[in-house]
$ cat data_15.cif   # mmCIF, C-alpha atoms
data_entry
#
loop_
_atom_site.label_atom_id
_atom_site.label_comp_id
_atom_site.auth_asym_id
_atom_site.auth_seq_id
_atom_site.Cartn_x
_atom_site.Cartn_y
_atom_site.Cartn_z
CA MET A 1 0.00 0.00 0.00
CA ASP A 2 1.36 3.41 -0.84
CA TYR A 3 -0.31 4.93 2.23
CA LYS A 4 1.91 2.96 4.59
CA ASN A 5 4.86 4.58 6.34
CA ARG A 6 3.78 8.14 5.56
CA TYR A 7 4.00 8.73 9.29
CA LYS A 8 7.79 8.55 9.09
CA THR A 9 8.09 11.70 6.99
CA ASN A 10 4.74 13.50 7.27
CA ALA A 11 3.78 15.31 10.49
CA TYR A 12 0.13 15.08 9.47
CA ALA A 13 0.31 11.27 9.50
CA THR A 14 1.99 10.57 12.85
CA HIS A 15 -1.21 8.83 13.97
CA GLN A 16 -0.82 6.01 11.41
CA PRO A 17 0.61 3.26 13.66
CA VAL A 18 -2.16 3.80 16.23
CA LEU A 19 -4.92 4.04 13.63
CA GLU A 20 -3.75 0.96 11.76
CA GLU A 21 -3.53 -1.20 14.89
CA ILE A 22 -7.09 -0.27 15.87
CA LEU A 23 -8.35 -0.81 12.32
CA LYS A 24 -6.96 -4.35 12.59
CA LEU A 25 -8.82 -4.92 15.88
CA ASN A 26 -12.06 -3.13 15.02
CA ASP A 27 -15.08 -5.10 13.76
CA LYS A 28 -17.74 -2.38 13.56
CA PRO A 29 -18.42 0.67 11.33
CA ILE A 30 -15.72 3.33 11.10
CA LEU A 31 -16.23 7.09 11.30
CA GLU A 32 -13.50 9.41 10.06
CA LEU A 33 -13.90 13.06 11.00
CA GLY A 34 -11.59 14.89 8.61
CA CYS A 35 -10.12 13.24 5.51
CA GLY A 36 -6.35 13.02 5.29
CA GLU A 37 -3.29 11.59 3.62
CA GLY A 38 -2.48 9.35 6.55
CA SER A 39 -5.97 8.08 7.31
CA THR A 40 -8.48 7.99 4.45
CA GLU A 41 -6.66 5.49 2.24
CA MET A 42 -5.86 3.32 5.25
CA ILE A 43 -9.50 3.34 6.35
CA SER A 44 -10.55 2.52 2.79
CA TYR A 45 -8.18 -0.46 2.71
CA TYR A 46 -9.45 -1.94 6.01
CA SER A 47 -13.06 -1.14 5.19
CA LYS A 48 -12.77 -3.32 2.07
CA LEU A 49 -10.57 -5.97 3.68
CA LYS A 50 -12.97 -6.51 6.58
CA SER A 51 -16.24 -5.62 4.79
CA LEU A 52 -16.96 -2.83 7.25
CA LYS A 53 -18.93 0.30 6.50
CA SER A 54 -17.00 3.53 6.84
CA LEU A 55 -18.03 7.13 6.61
CA SER A 56 -15.64 10.03 6.04
CA ILE A 57 -16.88 13.51 6.94
CA GLU A 58 -15.12 16.60 5.61
CA LYS A 59 -15.80 20.34 5.70
CA ASP A 60 -13.36 21.28 2.93
CA LYS A 61 -14.98 20.02 -0.30
CA SER A 62 -11.87 20.40 -2.46
CA TRP A 63 -9.85 18.43 0.10
CA MET A 64 -12.52 15.72 0.32
CA ASP A 65 -12.61 15.46 -3.49
CA LYS A 66 -9.01 14.20 -3.37
CA TYR A 67 -10.38 11.01 -1.78
CA THR A 68 -13.85 10.45 -3.21
CA HIS A 69 -12.39 8.10 -5.85
CA LEU A 70 -12.19 5.64 -2.94
CA ALA A 71 -15.98 5.62 -2.49
CA THR A 72 -17.64 2.19 -2.60
CA ASP A 73 -20.78 0.59 -1.26
CA LEU A 74 -18.85 0.24 1.99
CA GLN A 75 -17.03 3.58 2.12
CA THR A 76 -18.99 6.79 1.75
CA PHE A 77 -18.11 10.47 1.97
CA LYS A 78 -20.21 13.35 3.24
CA HIS A 79 -19.40 17.02 2.75
CA ILE A 80 -20.70 19.34 5.44
CA GLU A 81 -20.60 23.10 5.90
CA ASP A 82 -19.60 22.83 9.55
CA PHE A 83 -19.36 20.10 12.14
CA ASP A 84 -22.43 21.30 14.01
CA GLU A 85 -24.33 20.23 10.89
CA TRP A 86 -22.81 16.76 11.26
CA PHE A 87 -23.78 16.42 14.92
CA GLU A 88 -27.33 17.48 14.05
CA PHE A 89 -27.44 14.94 11.20
CA TYR A 90 -25.91 12.18 13.33
CA SER A 91 -28.48 12.56 16.09
CA ASN A 92 -31.05 11.20 13.61
CA ILE A 93 -29.22 8.01 12.63
CA ASP A 94 -28.55 4.87 14.62
CA VAL A 95 -25.03 3.52 14.11
CA GLU A 96 -22.83 1.77 16.64
CA TRP A 97 -19.37 3.02 15.68
CA GLY A 98 -16.46 0.73 16.39
CA LEU A 99 -13.83 3.36 15.66
CA VAL A 100 -14.11 7.13 15.52
CA PHE A 101 -11.00 8.82 14.15
CA VAL A 102 -10.97 12.51 15.12
CA ASP A 103 -8.70 14.73 13.02
CA GLN A 104 -10.87 17.41 11.42
CA GLY A 105 -9.60 20.92 10.75
CA ASP A 106 -10.73 22.90 13.77
CA TRP A 107 -9.97 22.24 17.43
CA MET A 108 -13.40 23.04 18.86
CA SER A 109 -15.21 20.53 16.66
CA ARG A 110 -12.60 17.90 17.60
CA GLU A 111 -13.31 18.49 21.28
CA LYS A 112 -17.04 18.31 20.63
CA ALA A 113 -16.61 15.07 18.66
CA VAL A 114 -14.63 13.40 21.43
CA ARG A 115 -17.23 14.36 24.02
CA TYR A 116 -20.07 13.29 21.71
CA TYR A 117 -18.70 9.82 20.86
CA LYS A 118 -16.70 8.97 23.98
CA ASP A 119 -19.36 6.73 25.52
CA ASP A 120 -20.72 5.25 22.27
CA ALA A 121 -17.69 4.26 20.17
CA ASP A 122 -15.51 1.30 21.08
CA TYR A 123 -12.37 3.22 20.17
CA ILE A 124 -11.55 6.91 19.84
CA VAL A 125 -8.33 7.90 18.08
CA LEU A 126 -7.56 11.62 18.47
CA HIS A 127 -4.64 13.10 16.55
CA ASP A 128 -2.77 16.11 17.96
CA CYS A 129 -4.17 15.32 21.40
CA ASP A 130 -1.69 17.51 23.27
CA TYR A 131 -3.53 20.67 22.19
CA PHE A 132 -6.58 19.74 24.25
CA ALA A 133 -4.89 19.24 27.62
CA THR A 134 -2.64 22.26 27.04
CA ASN A 135 -5.73 24.41 26.51
CA ASN A 136 -7.85 22.82 29.29
CA LEU A 137 -10.38 21.34 26.84
CA LEU A 138 -9.88 17.60 27.40
CA GLY A 139 -7.60 16.13 30.00
CA THR A 140 -5.11 17.87 32.23
CA GLU A 141 -1.46 18.75 31.97
CA SER A 142 1.12 18.40 34.74
CA ILE A 143 4.08 20.53 35.71
CA ALA A 144 6.34 18.13 33.77
CA ILE A 145 5.30 19.94 30.58
CA LYS A 146 7.03 23.05 31.81
CA ASN A 147 10.17 20.94 32.26
CA LYS A 148 9.96 19.78 28.62
CA ASN A 149 9.09 16.20 29.62
CA ARG A 150 6.08 15.56 27.42
CA ARG A 151 5.71 11.83 28.10
CA GLY A 152 3.45 11.17 31.04
CA ALA A 153 2.66 14.85 31.44
CA ARG A 154 -0.99 14.63 30.42
CA ASN A 155 -3.90 12.78 31.95
CA TYR A 156 -7.28 12.05 30.32
CA ASP A 157 -9.03 10.34 33.25
CA ASP A 158 -11.65 13.10 33.29
CA VAL A 159 -12.90 11.90 29.88
CA PHE A 160 -11.91 8.24 29.48
CA LYS A 161 -11.73 5.12 31.60
CA TYR A 162 -8.92 3.74 29.43
CA TRP A 163 -6.42 5.77 27.45
CA THR A 164 -2.87 5.80 26.17
CA GLU A 165 -1.02 8.69 24.56
CA TYR A 166 1.40 7.69 21.78
CA PHE A 167 4.40 9.72 20.67
CA PRO A 168 6.19 9.24 17.37
CA THR A 169 9.94 9.38 17.96
CA PHE A 170 11.08 9.17 14.37
CA TRP A 171 9.65 12.26 12.73
CA PHE A 172 12.65 14.19 11.40
CA GLY A 173 14.63 13.05 14.42
CA ARG A 174 12.22 14.53 16.94
CA THR A 175 8.83 13.81 18.41
CA GLY A 176 5.84 14.80 16.29
CA PRO A 177 2.24 15.35 17.37
CA PRO A 178 1.01 12.70 19.82
CA THR A 179 -2.07 10.57 19.26
CA LEU A 180 -4.56 9.54 21.93
CA LEU A 181 -6.13 6.09 21.85
CA ALA A 182 -9.03 5.98 24.27
CA SER A 183 -12.17 4.07 25.21
CA ASN A 184 -14.84 3.96 27.85
CA LYS A 185 -15.79 0.42 26.76
CA ILE A 186 -12.61 -1.56 26.03
CA ASP A 187 -9.42 -1.79 28.06
CA ILE A 188 -7.03 -0.50 25.41
CA THR A 189 -4.14 -0.21 27.87
CA LYS A 190 -3.11 -3.78 27.04
CA ILE A 191 -2.69 -2.98 23.32
CA ASN A 192 0.97 -2.65 22.33
CA ILE A 193 1.63 -0.34 19.39
CA ASP A 194 5.08 0.01 17.86
CA MET A 195 5.65 3.68 17.08
CA SER A 196 9.06 3.22 15.42
#

$ encode --input "data_15.cif" --output "structure tokens"
Amino acid sequence: MDYKNRYKTNAYATHQPVLEEILKLNDKPILELGCGEGSTEMISYYSKLKSLKSLSIEKDKSWMDKYTHLATDLQTFKHIEDFDEWFEFYSNIDVEWGLVFVDQGDWMSREKAVRYYKDDADYIVLHDCDYFATNNLLGTESIAIKNKNRRGARNYDDVFKYWTEYFPTFWFGRTGPPTLLASNKIDITKINIDMS
């Protein structure tokens, strides 16, 4: 697959190892909030491989159009004007999401998505998770952050029963944006994900 290993050179794809591991484990419909180079093709691959429905939601139509060639009976795309429109639409459908991947363009809709799906989805994967604790939106940040020790400096117990924050250590020789894997249903702390 040409989508593989983008995380090693692309800061926008540092979530790939986490997302792929959960796609392997997941056996229910997949929701992608925000199409992207590191996620949409990977979701398409696993959607077909496992015969799972997937839905990709995107606000930027021209960006979404880069991926609509992947549409099948299993994988669909929906353009929306804003994510409030999506939440309004979603409240009228009944889907039990296995995986919700949260990586849309704006921070506030990401926070809203995490809070909206946290008790319904089996797995939540949130890219760039450090922003939320740093800005007191989701989770908390300890004094270790001020000492430049990012690992173990955030806590998401206020939102999730189970969670693990993953750091890529290979992105241009430094750590890139971390990814949060979380669930209020499944003990994900026993999942081992190789980030190298």

$ residues_around --input "data_15.cif" --residues "region 183-185 of chain A" --least-positions-apart "5" --cutoff "12 Å" --atoms "all atoms listed in the file" --output "compact mmCIF listing (two decimals) with C-alpha atoms, in the coordinates of the input"
# COMPACT_ATOMS: atom_id res chain seq x y z
CA ILE A 22 -7.09 -0.27 15.87
CA TRP A 97 -19.37 3.02 15.68
CA GLY A 98 -16.46 0.73 16.39
CA LEU A 99 -13.83 3.36 15.66
CA VAL A 100 -14.11 7.13 15.52
CA VAL A 114 -14.63 13.40 21.43
CA ARG A 115 -17.23 14.36 24.02
CA TYR A 117 -18.70 9.82 20.86
CA LYS A 118 -16.70 8.97 23.98
CA ASP A 119 -19.36 6.73 25.52
CA ASP A 120 -20.72 5.25 22.27
CA ALA A 121 -17.69 4.26 20.17
CA ASP A 122 -15.51 1.30 21.08
CA TYR A 123 -12.37 3.22 20.17
CA ILE A 124 -11.55 6.91 19.84
CA VAL A 125 -8.33 7.90 18.08
CA LEU A 126 -7.56 11.62 18.47
CA TYR A 156 -7.28 12.05 30.32
CA ASP A 157 -9.03 10.34 33.25
CA ASP A 158 -11.65 13.10 33.29
CA VAL A 159 -12.90 11.90 29.88
CA PHE A 160 -11.91 8.24 29.48
CA LYS A 161 -11.73 5.12 31.60
CA TYR A 162 -8.92 3.74 29.43
CA TRP A 163 -6.42 5.77 27.45
CA THR A 164 -2.87 5.80 26.17
CA ILE A 191 -2.69 -2.98 23.32

$ closest_residue --input "data_15.cif" --among "A:His15, A:Asp94, A:Phe101, A:Glu20" --to "Ser54 (chain A)" --atoms "only C-alpha atoms"
A:Phe101

$ atom_distance --input "data_15.cif" --atom1 "CA of Leu52 (chain A)" --atom2 "CA of Met108 (chain A)"
28.6 Å

$ residues_around --input "data_15.cif" --residues "Lys53 (chain A)" --least-positions-apart "2" --cutoff "6 Å" --atoms "only C-alpha atoms" --output "mmCIF file with C-alpha atoms, keeping the file's coordinate frame"
data_model
loop_
_atom_site.group_PDB
_atom_site.id
_atom_site.type_symbol
_atom_site.label_atom_id
_atom_site.label_comp_id
_atom_site.auth_asym_id
_atom_site.auth_seq_id
_atom_site.Cartn_x
_atom_site.Cartn_y
_atom_site.Cartn_z
ATOM 1 C CA PRO A 29 -18.420 0.670 11.330
ATOM 2 C CA LEU A 74 -18.850 0.240 1.990
ATOM 3 C CA GLN A 75 -17.030 3.580 2.120
#

$ closest_residue --input "data_15.cif" --among "A:Gly34, A:Thr14, A:Ser196, A:Lys78" --to "Ser109 (chain A)" --atoms "all atoms listed in the file"
A:Gly34

$ resolve_selection --input "data_15.cif" --expression "the PyMOL selection byres ((chain A and resi 76) around 12)" --output "PyMOL selection string"
chain A and resi 29-32+35+40+43-44+47-48+52-58+64-65+67-75+77-79

$ axis_aligned_box --input "data_15.cif" --around "region 124-128 of chain A" --padding-each-side "3 Å" --output "JSON"
{"center_x": -7.2, "center_y": 11.5, "center_z": 18.2, "size_x": 14.8, "size_y": 15.2, "size_z": 9.3}

$ closest_residue --input "data_15.cif" --among "A:Glu165, A:Asp128, A:Glu21, A:Glu37" --to "Arg110 (chain A)" --atoms "all atoms listed in the file"
A:Asp128

$ closest_residue --input "data_15.cif" --among "A:Asp106, A:Thr189, A:Tyr46, A:Pro178" --to "Leu25 (chain A)" --atoms "all atoms listed in the file"
A:Tyr46

$ atom_distance --input "data_15.cif" --atom1 "CA of Asn92 (chain A)" --atom2 "CA of Gln104 (chain A)"
21.2 Å

$ residues_around --input "data_15.cif" --residues "region 129-135 of chain A" --least-positions-apart "6" --cutoff "7 Å" --atoms "all atoms listed in the file" --output "ChimeraX atom specification"
/A:141,154,178-180

$ atom_distance --input "data_15.cif" --atom1 "CA of Ser142 (chain A)" --atom2 "CA of Ile186 (chain A)"
25.7 Å

$ residues_around --input "data_15.cif" --residues "Met195 (chain A)" --least-positions-apart "2" --cutoff "9 Å" --atoms "all atoms listed in the file" --output "list in words"
Thr14, Gln16, Pro17, Val18, Tyr166, Phe167, Pro168, Thr169, Phe170 and Ile193 of chain A

$ build_atoms --input "data_15.cif" --residues "region 91-117 of chain A" --atoms "N, CA, C and O atoms" --output "short mmCIF file (atom, residue, chain, number, x, y, z; two decimals), keeping the file's coordinate frame"
data_model
loop_
_atom_site.label_atom_id
_atom_site.label_comp_id
_atom_site.auth_asym_id
_atom_site.auth_seq_id
_atom_site.Cartn_x
_atom_site.Cartn_y
_atom_site.Cartn_z
N SER A 91 -27.50 12.83 15.04
CA SER A 91 -28.48 12.56 16.09
C SER A 91 -29.72 11.85 15.55
O SER A 91 -30.49 11.28 16.31
N ASN A 92 -29.88 11.85 14.22
CA ASN A 92 -31.05 11.20 13.61
C ASN A 92 -30.75 9.83 13.02
O ASN A 92 -31.63 9.23 12.40
N ILE A 93 -29.53 9.34 13.15
CA ILE A 93 -29.22 8.01 12.63
C ILE A 93 -28.74 7.12 13.77
O ILE A 93 -28.26 7.60 14.80
N ASP A 94 -28.89 5.83 13.58
CA ASP A 94 -28.55 4.87 14.62
C ASP A 94 -27.41 3.98 14.11
O ASP A 94 -27.65 3.03 13.36
N VAL A 95 -26.20 4.31 14.49
CA VAL A 95 -25.03 3.52 14.11
C VAL A 95 -24.20 3.29 15.36
O VAL A 95 -23.98 4.21 16.15
N GLU A 96 -23.74 2.07 15.54
CA GLU A 96 -22.83 1.77 16.64
C GLU A 96 -21.42 1.77 16.07
O GLU A 96 -20.97 0.80 15.44
N TRP A 97 -20.71 2.88 16.24
CA TRP A 97 -19.37 3.02 15.68
C TRP A 97 -18.38 2.19 16.47
O TRP A 97 -18.35 2.23 17.70
N GLY A 98 -17.55 1.44 15.75
CA GLY A 98 -16.46 0.73 16.39
C GLY A 98 -15.30 1.67 16.64
O GLY A 98 -14.73 1.72 17.72
N LEU A 99 -14.97 2.44 15.61
CA LEU A 99 -13.83 3.36 15.66
C LEU A 99 -14.27 4.73 15.18
O LEU A 99 -14.89 4.85 14.12
N VAL A 100 -13.94 5.75 15.95
CA VAL A 100 -14.11 7.13 15.52
C VAL A 100 -12.73 7.76 15.51
O VAL A 100 -12.06 7.85 16.55
N PHE A 101 -12.29 8.15 14.31
CA PHE A 101 -11.00 8.82 14.15
C PHE A 101 -11.26 10.31 14.06
O PHE A 101 -11.98 10.78 13.18
N VAL A 102 -10.70 11.07 14.99
CA VAL A 102 -10.97 12.51 15.12
C VAL A 102 -9.73 13.30 14.70
O VAL A 102 -8.72 13.30 15.39
N ASP A 103 -9.84 13.97 13.54
CA ASP A 103 -8.70 14.73 13.02
C ASP A 103 -9.17 15.83 12.06
O ASP A 103 -8.48 16.18 11.13
N GLN A 104 -10.37 16.36 12.30
CA GLN A 104 -10.87 17.41 11.42
C GLN A 104 -10.14 18.72 11.68
O GLN A 104 -9.39 18.86 12.63
N GLY A 105 -10.38 19.68 10.80
CA GLY A 105 -9.60 20.92 10.75
C GLY A 105 -9.62 21.81 11.97
O GLY A 105 -8.61 22.41 12.29
N ASP A 106 -10.72 21.93 12.67
CA ASP A 106 -10.73 22.90 13.77
C ASP A 106 -10.80 22.20 15.13
O ASP A 106 -11.41 21.16 15.29
N TRP A 107 -10.13 22.82 16.10
CA TRP A 107 -9.97 22.24 17.43
C TRP A 107 -11.30 22.09 18.16
O TRP A 107 -11.52 21.08 18.84
N MET A 108 -12.17 23.07 18.06
CA MET A 108 -13.40 23.04 18.86
C MET A 108 -14.32 21.89 18.41
O MET A 108 -14.94 21.24 19.23
N SER A 109 -14.37 21.64 17.10
CA SER A 109 -15.21 20.53 16.66
C SER A 109 -14.57 19.18 17.03
O SER A 109 -15.27 18.21 17.24
N ARG A 110 -13.26 19.13 17.13
CA ARG A 110 -12.60 17.90 17.60
C ARG A 110 -12.99 17.62 19.05
O ARG A 110 -13.31 16.49 19.41
N GLU A 111 -12.92 18.67 19.87
CA GLU A 111 -13.31 18.49 21.28
C GLU A 111 -14.75 18.02 21.37
O GLU A 111 -15.08 17.09 22.10
N LYS A 112 -15.62 18.67 20.61
CA LYS A 112 -17.04 18.31 20.63
C LYS A 112 -17.23 16.86 20.18
O LYS A 112 -18.04 16.12 20.76
N ALA A 113 -16.49 16.44 19.16
CA ALA A 113 -16.61 15.07 18.66
C ALA A 113 -16.19 14.06 19.72
O ALA A 113 -16.88 13.05 19.94
N VAL A 114 -15.08 14.32 20.39
CA VAL A 114 -14.63 13.40 21.43
C VAL A 114 -15.69 13.27 22.52
O VAL A 114 -16.05 12.17 22.94
N ARG A 115 -16.21 14.40 22.96
CA ARG A 115 -17.23 14.36 24.02
C ARG A 115 -18.51 13.67 23.53
O ARG A 115 -19.16 12.96 24.29
N TYR A 116 -18.84 13.85 22.27
CA TYR A 116 -20.07 13.29 21.71
C TYR A 116 -19.99 11.76 21.58
O TYR A 116 -20.94 11.06 21.88
N TYR A 117 -18.83 11.25 21.15
CA TYR A 117 -18.70 9.82 20.86
C TYR A 117 -18.03 9.01 21.96
O TYR A 117 -17.99 7.78 21.88
#
